[in-house]
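Below is my_file-v6.cif, holding mmCIF, C-alpha atoms.
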```cif
data_protein
#
loop_
_atom_site.label_atom_id
_atom_site.label_comp_id
_atom_site.auth_asym_id
_atom_site.auth_seq_id
_atom_site.Cartn_x
_atom_site.Cartn_y
_atom_site.Cartn_z
CA MET A 991 0.00 0.00 0.00
CA ASN A 992 1.30 3.45 -0.84
CA ASP A 993 1.05 5.57 2.30
CA ALA A 994 2.44 8.72 0.73
CA LEU A 995 0.20 11.76 0.87
CA PRO A 996 -1.29 12.74 -2.49
CA THR A 997 0.43 15.61 -4.22
CA PRO A 998 -1.90 18.59 -4.53
CA PRO A 999 -2.46 19.85 -8.05
CA ALA A 1000 -0.42 22.78 -9.23
CA ASN A 1001 -3.42 25.11 -9.25
CA ALA A 1002 -3.98 24.35 -5.52
CA HIS A 1003 -0.49 25.70 -4.76
CA ALA A 1004 -1.27 28.80 -6.78
CA ALA A 1005 -4.56 29.33 -4.94
CA THR A 1006 -2.87 28.97 -1.55
CA ALA A 1007 -0.15 31.43 -2.53
CA ALA A 1008 -2.75 33.90 -3.78
CA MET A 1009 -4.66 33.71 -0.48
CA ALA A 1010 -1.44 34.35 1.46
CA ARG A 1011 -0.64 37.48 -0.51
CA LYS A 1012 -1.89 40.79 0.79
CA PRO A 1013 -4.52 42.55 -1.33
CA SER A 1014 -3.02 44.99 -3.80
CA ALA A 1015 -3.35 48.73 -3.28
CA ALA A 1016 -5.65 48.92 -6.30
CA ARG A 1017 -7.95 46.25 -4.87
CA LEU A 1018 -8.04 47.97 -1.50
CA ARG A 1019 -8.98 51.26 -3.18
CA LYS A 1020 -11.85 49.56 -5.00
CA ILE A 1021 -13.09 47.93 -1.81
CA ASP A 1022 -12.92 51.28 -0.02
CA MET A 1023 -14.97 52.93 -2.78
CA ILE A 1024 -17.62 50.22 -2.57
CA LEU A 1025 -17.81 50.32 1.23
CA SER A 1026 -17.99 54.12 1.27
CA SER A 1027 -20.87 54.16 -1.20
CA ALA A 1028 -22.66 51.33 0.60
CA GLU A 1029 -22.28 53.01 3.98
CA ARG A 1030 -23.99 56.15 2.72
CA HIS A 1031 -26.86 54.31 1.03
CA PHE A 1032 -27.46 51.93 3.94
CA ALA A 1033 -27.39 54.87 6.37
CA LEU A 1034 -29.93 56.84 4.37
CA LEU A 1035 -32.19 54.03 3.17
CA GLY A 1036 -31.58 51.08 5.46
CA PHE A 1037 -30.68 47.53 4.46
CA GLU A 1038 -33.92 46.81 2.63
CA GLY A 1039 -34.20 50.16 0.90
CA ALA A 1040 -30.66 50.51 -0.46
CA PRO A 1041 -30.43 49.10 -4.02
CA LEU A 1042 -27.24 47.31 -5.01
CA GLU A 1043 -27.41 48.86 -8.48
CA GLN A 1044 -27.25 52.38 -7.05
CA ILE A 1045 -24.50 51.49 -4.58
CA ALA A 1046 -22.44 50.04 -7.43
CA GLN A 1047 -23.10 52.97 -9.75
CA ASP A 1048 -22.10 55.58 -7.16
CA ALA A 1049 -18.90 53.64 -6.48
CA GLY A 1050 -18.10 53.52 -10.20
CA PHE A 1051 -18.87 49.83 -10.71
CA SER A 1052 -21.48 47.69 -12.37
CA ARG A 1053 -23.69 45.50 -10.20
CA HIS A 1054 -21.88 42.47 -11.60
CA ASN A 1055 -18.47 43.89 -10.66
CA LEU A 1056 -19.64 44.77 -7.16
CA LEU A 1057 -20.82 41.18 -6.65
CA TYR A 1058 -17.31 40.02 -7.55
CA TYR A 1059 -16.10 41.65 -4.32
CA TYR A 1060 -19.20 40.98 -2.20
CA PRO A 1061 -21.35 38.04 -3.34
CA SER A 1062 -24.60 39.36 -1.83
CA LYS A 1063 -26.23 42.45 -0.43
CA GLU A 1064 -26.09 40.89 3.03
CA ALA A 1065 -22.34 40.24 2.71
CA LEU A 1066 -21.80 43.87 1.71
CA TYR A 1067 -23.94 45.17 4.57
CA GLN A 1068 -22.11 43.01 7.09
CA ALA A 1069 -18.75 44.24 5.76
CA VAL A 1070 -19.85 47.87 6.15
CA LEU A 1071 -21.23 47.22 9.61
CA ALA A 1072 -18.00 45.48 10.68
CA SER A 1073 -15.98 48.46 9.43
CA VAL A 1074 -18.17 50.89 11.37
CA ILE A 1075 -17.96 48.85 14.57
CA ASP A 1076 -14.17 48.52 14.23
CA ASP A 1077 -13.85 52.28 13.92
CA TRP A 1078 -16.39 52.93 16.68
CA LEU A 1079 -14.50 50.64 19.07
CA GLY A 1080 -11.25 52.34 18.09
CA HIS A 1081 -12.73 55.61 19.35
CA MET A 1082 -14.18 53.91 22.43
CA THR A 1083 -10.78 54.01 24.05
CA GLY A 1084 -10.24 51.53 26.86
CA LEU A 1085 -9.98 53.47 30.11
CA SER A 1086 -7.19 52.41 32.45
CA LYS A 1087 -7.87 52.49 36.18
CA ASP A 1088 -4.18 53.28 36.69
CA GLY A 1089 -4.28 56.34 34.45
CA ASP A 1090 -5.30 59.90 35.22
CA PRO A 1091 -9.13 59.97 35.23
CA ALA A 1092 -9.49 63.61 34.20
CA GLN A 1093 -7.26 63.23 31.14
CA GLN A 1094 -8.81 59.93 30.11
CA ILE A 1095 -12.42 61.04 30.47
CA ARG A 1096 -11.67 64.20 28.48
CA GLN A 1097 -9.98 62.18 25.74
CA TYR A 1098 -12.90 59.75 25.64
CA ILE A 1099 -15.38 62.59 25.03
CA ARG A 1100 -13.12 64.03 22.34
CA GLU A 1101 -12.82 60.66 20.57
CA LYS A 1102 -16.57 60.03 20.64
CA PHE A 1103 -17.38 63.42 19.12
CA GLU A 1104 -14.60 62.97 16.57
CA PHE A 1105 -16.05 59.67 15.37
CA ALA A 1106 -19.56 61.10 15.14
CA ARG A 1107 -18.40 64.22 13.31
CA THR A 1108 -16.05 62.53 10.82
CA ARG A 1109 -18.11 59.41 10.09
CA PRO A 1110 -21.74 60.54 10.21
CA TYR A 1111 -23.08 57.88 7.85
CA GLY A 1112 -21.45 55.19 9.95
CA SER A 1113 -23.11 56.51 13.08
CA GLN A 1114 -26.48 56.73 11.35
CA LEU A 1115 -26.16 53.23 9.92
CA PHE A 1116 -25.35 51.80 13.36
CA THR A 1117 -28.35 53.61 14.87
CA LYS A 1118 -30.65 52.25 12.15
CA GLU A 1119 -29.33 48.76 12.85
CA MET A 1120 -30.11 49.15 16.56
CA ILE A 1121 -33.59 50.56 15.89
CA ALA A 1122 -34.29 47.55 13.67
CA GLY A 1123 -33.45 45.24 16.57
CA ALA A 1124 -29.79 44.57 15.66
CA PRO A 1125 -30.54 41.73 13.19
CA PHE A 1126 -26.93 41.71 11.99
CA ALA A 1127 -25.01 43.33 14.86
CA ALA A 1128 -26.40 41.64 17.98
CA SER A 1129 -23.46 39.26 18.34
CA ALA A 1130 -20.94 42.08 17.87
CA VAL A 1131 -22.69 44.13 20.56
CA ARG A 1132 -22.59 41.21 23.00
CA GLU A 1133 -19.13 39.89 22.14
CA ARG A 1134 -17.15 43.03 21.32
CA ILE A 1135 -18.86 46.13 22.73
CA ALA A 1136 -20.16 44.70 26.02
CA PRO A 1137 -16.74 43.54 27.35
CA LEU A 1138 -15.14 46.90 26.61
CA LEU A 1139 -18.05 48.72 28.23
CA ALA A 1140 -17.71 46.52 31.31
CA ALA A 1141 -13.99 47.27 31.53
CA ASN A 1142 -14.61 51.00 31.21
CA VAL A 1143 -17.32 50.91 33.88
CA ALA A 1144 -14.91 49.04 36.15
CA ALA A 1145 -12.32 51.81 35.65
CA PHE A 1146 -14.88 54.44 36.66
CA ALA A 1147 -15.84 52.36 39.71
CA HIS A 1148 -12.18 52.08 40.74
CA TRP A 1149 -11.72 55.83 40.52
CA ALA A 1150 -14.84 56.32 42.64
CA GLU A 1151 -13.53 53.89 45.25
CA GLN A 1152 -10.29 55.91 45.37
CA GLY A 1153 -12.26 59.10 45.91
CA LEU A 1154 -11.12 60.58 42.59
CA ILE A 1155 -14.64 60.99 41.17
CA ALA A 1156 -18.15 61.03 42.58
CA PRO A 1157 -20.03 57.70 42.50
CA VAL A 1158 -22.92 57.48 40.03
CA ASN A 1159 -24.38 54.72 37.86
CA PHE A 1160 -21.42 54.47 35.52
CA GLN A 1161 -23.07 52.21 32.97
CA HIS A 1162 -25.82 54.76 32.42
CA LEU A 1163 -23.24 57.52 32.45
CA MET A 1164 -21.60 55.82 29.47
CA PHE A 1165 -24.97 55.40 27.76
CA SER A 1166 -25.59 59.13 28.23
CA ILE A 1167 -22.23 60.02 26.67
CA TRP A 1168 -23.04 57.81 23.67
CA ALA A 1169 -26.52 59.27 23.33
CA ILE A 1170 -25.27 62.85 23.28
CA THR A 1171 -22.27 62.33 20.99
CA GLN A 1172 -24.18 60.18 18.50
CA GLY A 1173 -27.30 62.32 18.77
CA TYR A 1174 -25.51 65.28 17.24
CA VAL A 1175 -25.21 63.21 14.07
CA ASP A 1176 -28.39 61.15 14.14
CA GLN A 1177 -30.51 64.23 14.94
CA GLN A 1178 -28.43 66.80 13.15
CA THR A 1179 -31.18 67.72 10.67
CA GLN A 1180 -33.55 68.57 13.51
CA PHE A 1181 -30.88 70.44 15.46
CA ALA A 1182 -29.94 72.46 12.38
CA LEU A 1183 -33.56 73.31 11.55
CA LEU A 1184 -34.18 74.48 15.10
CA GLN A 1185 -31.27 76.89 14.68
CA ASP A 1186 -32.50 77.98 11.24
CA LYS A 1187 -29.34 76.58 9.66
CA ALA A 1188 -28.76 74.36 6.64
CA ALA A 1189 -26.53 72.02 8.62
CA LEU A 1190 -24.57 71.78 11.84
CA ASP A 1191 -21.05 73.15 11.62
CA ALA A 1192 -17.80 72.66 13.50
CA GLY A 1193 -18.82 75.33 16.00
CA ASP A 1194 -21.94 73.38 16.96
CA PHE A 1195 -19.91 70.27 17.67
CA ALA A 1196 -17.35 72.27 19.65
CA GLN A 1197 -20.07 73.87 21.80
CA ALA A 1198 -21.75 70.50 22.37
CA GLU A 1199 -18.45 68.97 23.41
CA ALA A 1200 -17.68 71.84 25.79
CA LEU A 1201 -21.12 71.52 27.37
CA LEU A 1202 -20.75 67.75 27.83
CA VAL A 1203 -17.39 68.35 29.51
CA GLN A 1204 -19.03 70.83 31.89
CA MET A 1205 -21.86 68.39 32.65
CA LEU A 1206 -19.50 65.53 33.43
CA SER A 1207 -17.24 67.78 35.51
CA ALA A 1208 -20.22 68.73 37.66
CA THR A 1209 -21.62 65.19 37.84
CA LEU A 1210 -18.35 63.47 38.68
CA LYS A 1211 -17.00 66.32 40.85
CA ILE A 1212 -13.75 66.42 38.89
CA GLU A 1213 -12.09 69.19 36.90
CA LEU A 1214 -11.81 68.08 33.28
CA PRO A 1215 -9.38 69.92 30.99
CA ASP A 1216 -10.81 72.10 28.20
#
```
Since I need it in another form, could you write the structure as structure tokens?
Amino acid sequence: MNDALPTPPANAHAATAAMARKPSAARLRKIDMILSSAERHFALLGFEGAPLEQIAQDAGFSRHNLLYYYPSKEALYQAVLASVIDDWLGHMTGLSKDGDPAQQIRQYIREKFEFARTRPYGSQLFTKEMIAGAPFAASAVRERIAPLLAANVAAFAHWAEQGLIAPVNFQHLMFSIWAITQGYVDQQTQFALLQDKAALDAGDFAQAEALLVQMLSATLKIELPD
């Protein structure tokens, strides 16, 4: 009996090598164009309402070419959602109980407003996903966002135990920070109309951030830097 392992065909070696190679810069640019277009359409129209044909056209592709990169609308939506969550978590900086609370809390607020301001469609898409009951993102919320939230809440609790900040319900404190920072994107049309403006500008975001800093300084009994 011949116990030697079968030799894989030559094209199998080629396929393995191709998978090991990093995507080319040109391919990454195309993927970025598709994801950017999809993020805007999904944010404005939702998963059901966003047509693949329009997403492809706005990205400079045909529907057929788009499906070469993402085989279905669901695959494309999940890729966009994963990108948004990755970025959102990147701005949800892990707070260290050993670090300076004032500096870290201030940086956290800055990062949250920065994400909302620079990636508005991503924020709106995530909100739509949550309003719909998180049909695609529930596992990511439980497995990725919840542990980081718990760690951040634990850092706040440690600071309170050390007498560095006032004790409050820190989980709901975090929820309030999220609601305010994301609200300035999700509700920006309303906020602009109520100020008789076409859109919110950098000054609006700066004033909102300054006010949130003041609110948290008063709530936590700590002086946060400007």
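Residue neighbourhood of Ala1156 in chain A, excluding near-sequence residues (fewer than 5 positions): Ala1150, Leu1210 and Lys1211 of chain A, at 6 Å, using all atoms listed in the file.
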For the selection you just gave me, I'd like the residues written to a file as a PDB file, in the coordinates of the input, keeping C-alpha atoms.
```pdb
ATOM      1  CA  ALA A1150     -14.840  56.320  42.640  1.00  0.00           C
ATOM      2  CA  LEU A1210     -18.350  63.470  38.680  1.00  0.00           C
ATOM      3  CA  LYS A1211     -17.000  66.320  40.850  1.00  0.00           C
TER       4      LYS A1211
END
```
Of A:Ser1086, A:Asp1186, A:Pro1157, A:Gln1197, the one sitting nearest Thr1209 in chain A when using only C-alpha atoms is A:Pro1157
Residues matched by the PyMOL selection byres ((chain A and resi 1200) around 12), written as an MDAnalysis selection string: chainID A and resid 1096 1099:1100 1103 1171 1193:1199 1201:1207 1214:1216
Residues near Ala1028 in chain A, anyone? I mean within 12 Å using only C-alpha atoms, not counting same-chain ones fewer than 4 positions away, as an MDAnalysis selection string. chainID A and resid 1021:1024 1032:1037 1039:1050 1056 1060 1063:1071 1073:1074 1111:1112 1115
What is the CA of Ser1166 in chain A to CA of Asp1191 in chain A distance in Å?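 Atom-to-atom, CA of Ser1166 in chain A to CA of Asp1191 in chain A, that is 22.2 Å.
Going from CA of Pro1110 in chain A to CA of Val1175 in chain A covers 5.8 Å.
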For each of A:Phe1165, A:Leu1138, A:Met1120, A:Ser1026, take the minimum atom-to-atom distance to Thr1083 in chain A, counting all atoms listed in the file, then give the residue where this is smallest. A:Leu1138
Quick one, how far is CA of Glu1101 in chain A from CA of Asp1077 in chain A?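 Separating CA of Glu1101 in chain A from CA of Asp1077 in chain A is a distance of 10.7 Å.
Residue nearest Thr1108 in chain A within the list A:His1162, A:Arg1017, A:His1148, A:His1081: A:His1081 [criterion: smallest interatomic distance, all atoms listed in the file].
Among A:Ala1130, A:Ala1144, A:Ile1095, A:Ala1016, the residue with the shortest atom-to-atom distance to Trp1078 in chain A, counting all atoms listed in the file, is A:Ala1130.
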Around all of range 1052-1060 of chain A's listed atoms, make the axis-aligned box with 3 Å on each side and tell me centre and edge lengths in Å to one decimal, as lines of an AutoDock Vina configuration file.
```
center_x = -19.9
center_y = 43.9
center_z = -7.3
size_x = 13.6
size_y = 13.7
size_z = 16.2
```
Smallest atom-to-atom distance to Gln1152 in chain A: which of A:Lys1087, A:Ser1113, A:Phe1051, A:Ile1121, using all atoms listed in the file?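 Closest to Gln1152 in chain A of all the choices is A:Lys1087.
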Written as a PyMOL selection string, what is the full residue list that the PyMOL selection byres ((chain A and resi 1134) around 12) yields on the file shown? chain A and resi 1072+1075-1076+1078-1080+1082+1127-1133+1135-1141
Complete the atoms of range 1177-1188 of chain A to all heavy atoms and put them out as a short mmCIF file (atom, residue, chain, number, x, y, z; two decimals), in the coordinates of the input.
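Written out: part_20.cif:
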```cif
data_model
loop_
_atom_site.label_atom_id
_atom_site.label_comp_id
_atom_site.auth_asym_id
_atom_site.auth_seq_id
_atom_site.Cartn_x
_atom_site.Cartn_y
_atom_site.Cartn_z
N GLN A 1177 -29.46 63.21 14.90
CA GLN A 1177 -30.51 64.23 14.94
C GLN A 1177 -30.05 65.57 14.38
O GLN A 1177 -30.66 66.60 14.66
CB GLN A 1177 -30.98 64.42 16.39
CG GLN A 1177 -31.55 63.18 17.04
CD GLN A 1177 -32.83 62.73 16.38
OE1 GLN A 1177 -33.64 63.55 15.95
NE2 GLN A 1177 -33.03 61.42 16.30
N GLN A 1178 -29.00 65.53 13.58
CA GLN A 1178 -28.43 66.80 13.15
C GLN A 1178 -29.38 67.62 12.27
O GLN A 1178 -29.35 68.86 12.33
CB GLN A 1178 -27.10 66.57 12.41
CG GLN A 1178 -27.20 65.78 11.12
CD GLN A 1178 -25.84 65.69 10.44
OE1 GLN A 1178 -25.17 66.69 10.23
NE2 GLN A 1178 -25.42 64.48 10.11
N THR A 1179 -30.22 66.97 11.48
CA THR A 1179 -31.18 67.72 10.67
C THR A 1179 -32.12 68.52 11.55
O THR A 1179 -32.38 69.71 11.32
CB THR A 1179 -31.98 66.77 9.76
OG1 THR A 1179 -31.09 66.09 8.89
CG2 THR A 1179 -32.99 67.55 8.93
N GLN A 1180 -32.65 67.88 12.57
CA GLN A 1180 -33.55 68.57 13.51
C GLN A 1180 -32.82 69.70 14.22
O GLN A 1180 -33.35 70.82 14.33
CB GLN A 1180 -34.10 67.57 14.55
CG GLN A 1180 -34.98 68.23 15.59
CD GLN A 1180 -35.42 67.29 16.69
OE1 GLN A 1180 -36.29 67.61 17.48
NE2 GLN A 1180 -34.80 66.12 16.78
N PHE A 1181 -31.62 69.42 14.72
CA PHE A 1181 -30.88 70.44 15.46
C PHE A 1181 -30.56 71.64 14.56
O PHE A 1181 -30.57 72.78 15.03
CB PHE A 1181 -29.59 69.85 16.03
CG PHE A 1181 -29.81 68.79 17.09
CD1 PHE A 1181 -28.75 68.03 17.56
CD2 PHE A 1181 -31.07 68.57 17.63
CE1 PHE A 1181 -28.94 67.07 18.54
CE2 PHE A 1181 -31.27 67.60 18.60
CZ PHE A 1181 -30.20 66.84 19.06
N ALA A 1182 -30.24 71.37 13.31
CA ALA A 1182 -29.94 72.46 12.38
C ALA A 1182 -31.19 73.28 12.08
O ALA A 1182 -31.16 74.52 12.08
CB ALA A 1182 -29.35 71.91 11.09
N LEU A 1183 -32.31 72.61 11.83
CA LEU A 1183 -33.56 73.31 11.55
C LEU A 1183 -33.98 74.21 12.71
O LEU A 1183 -34.46 75.33 12.52
CB LEU A 1183 -34.68 72.31 11.25
CG LEU A 1183 -34.63 71.62 9.88
CD1 LEU A 1183 -35.66 70.49 9.82
CD2 LEU A 1183 -34.87 72.62 8.76
N LEU A 1184 -33.79 73.71 13.92
CA LEU A 1184 -34.18 74.48 15.10
C LEU A 1184 -33.29 75.70 15.31
O LEU A 1184 -33.64 76.60 16.07
CB LEU A 1184 -34.14 73.58 16.34
CG LEU A 1184 -35.24 72.51 16.38
CD1 LEU A 1184 -35.01 71.53 17.52
CD2 LEU A 1184 -36.62 73.15 16.50
N GLN A 1185 -32.15 75.71 14.64
CA GLN A 1185 -31.27 76.89 14.68
C GLN A 1185 -31.36 77.70 13.39
O GLN A 1185 -30.59 78.63 13.19
CB GLN A 1185 -29.82 76.46 14.90
CG GLN A 1185 -29.57 75.76 16.23
CD GLN A 1185 -28.10 75.41 16.39
OE1 GLN A 1185 -27.29 76.23 16.82
NE2 GLN A 1185 -27.74 74.18 16.03
N ASP A 1186 -32.32 77.31 12.53
CA ASP A 1186 -32.50 77.98 11.24
C ASP A 1186 -31.22 77.96 10.42
O ASP A 1186 -30.81 78.95 9.84
CB ASP A 1186 -32.98 79.43 11.45
CG ASP A 1186 -33.55 80.03 10.15
OD1 ASP A 1186 -34.00 79.26 9.28
OD2 ASP A 1186 -33.51 81.27 10.02
N LYS A 1187 -30.58 76.77 10.39
CA LYS A 1187 -29.34 76.58 9.66
C LYS A 1187 -29.51 75.43 8.67
O LYS A 1187 -30.35 74.54 8.87
CB LYS A 1187 -28.18 76.27 10.61
CG LYS A 1187 -27.92 77.37 11.63
CD LYS A 1187 -26.98 76.92 12.72
CE LYS A 1187 -25.57 76.67 12.24
NZ LYS A 1187 -24.62 76.47 13.36
N ALA A 1188 -28.70 75.44 7.63
CA ALA A 1188 -28.76 74.36 6.64
C ALA A 1188 -28.18 73.07 7.21
O ALA A 1188 -28.62 71.97 6.87
CB ALA A 1188 -28.01 74.77 5.37
#
```
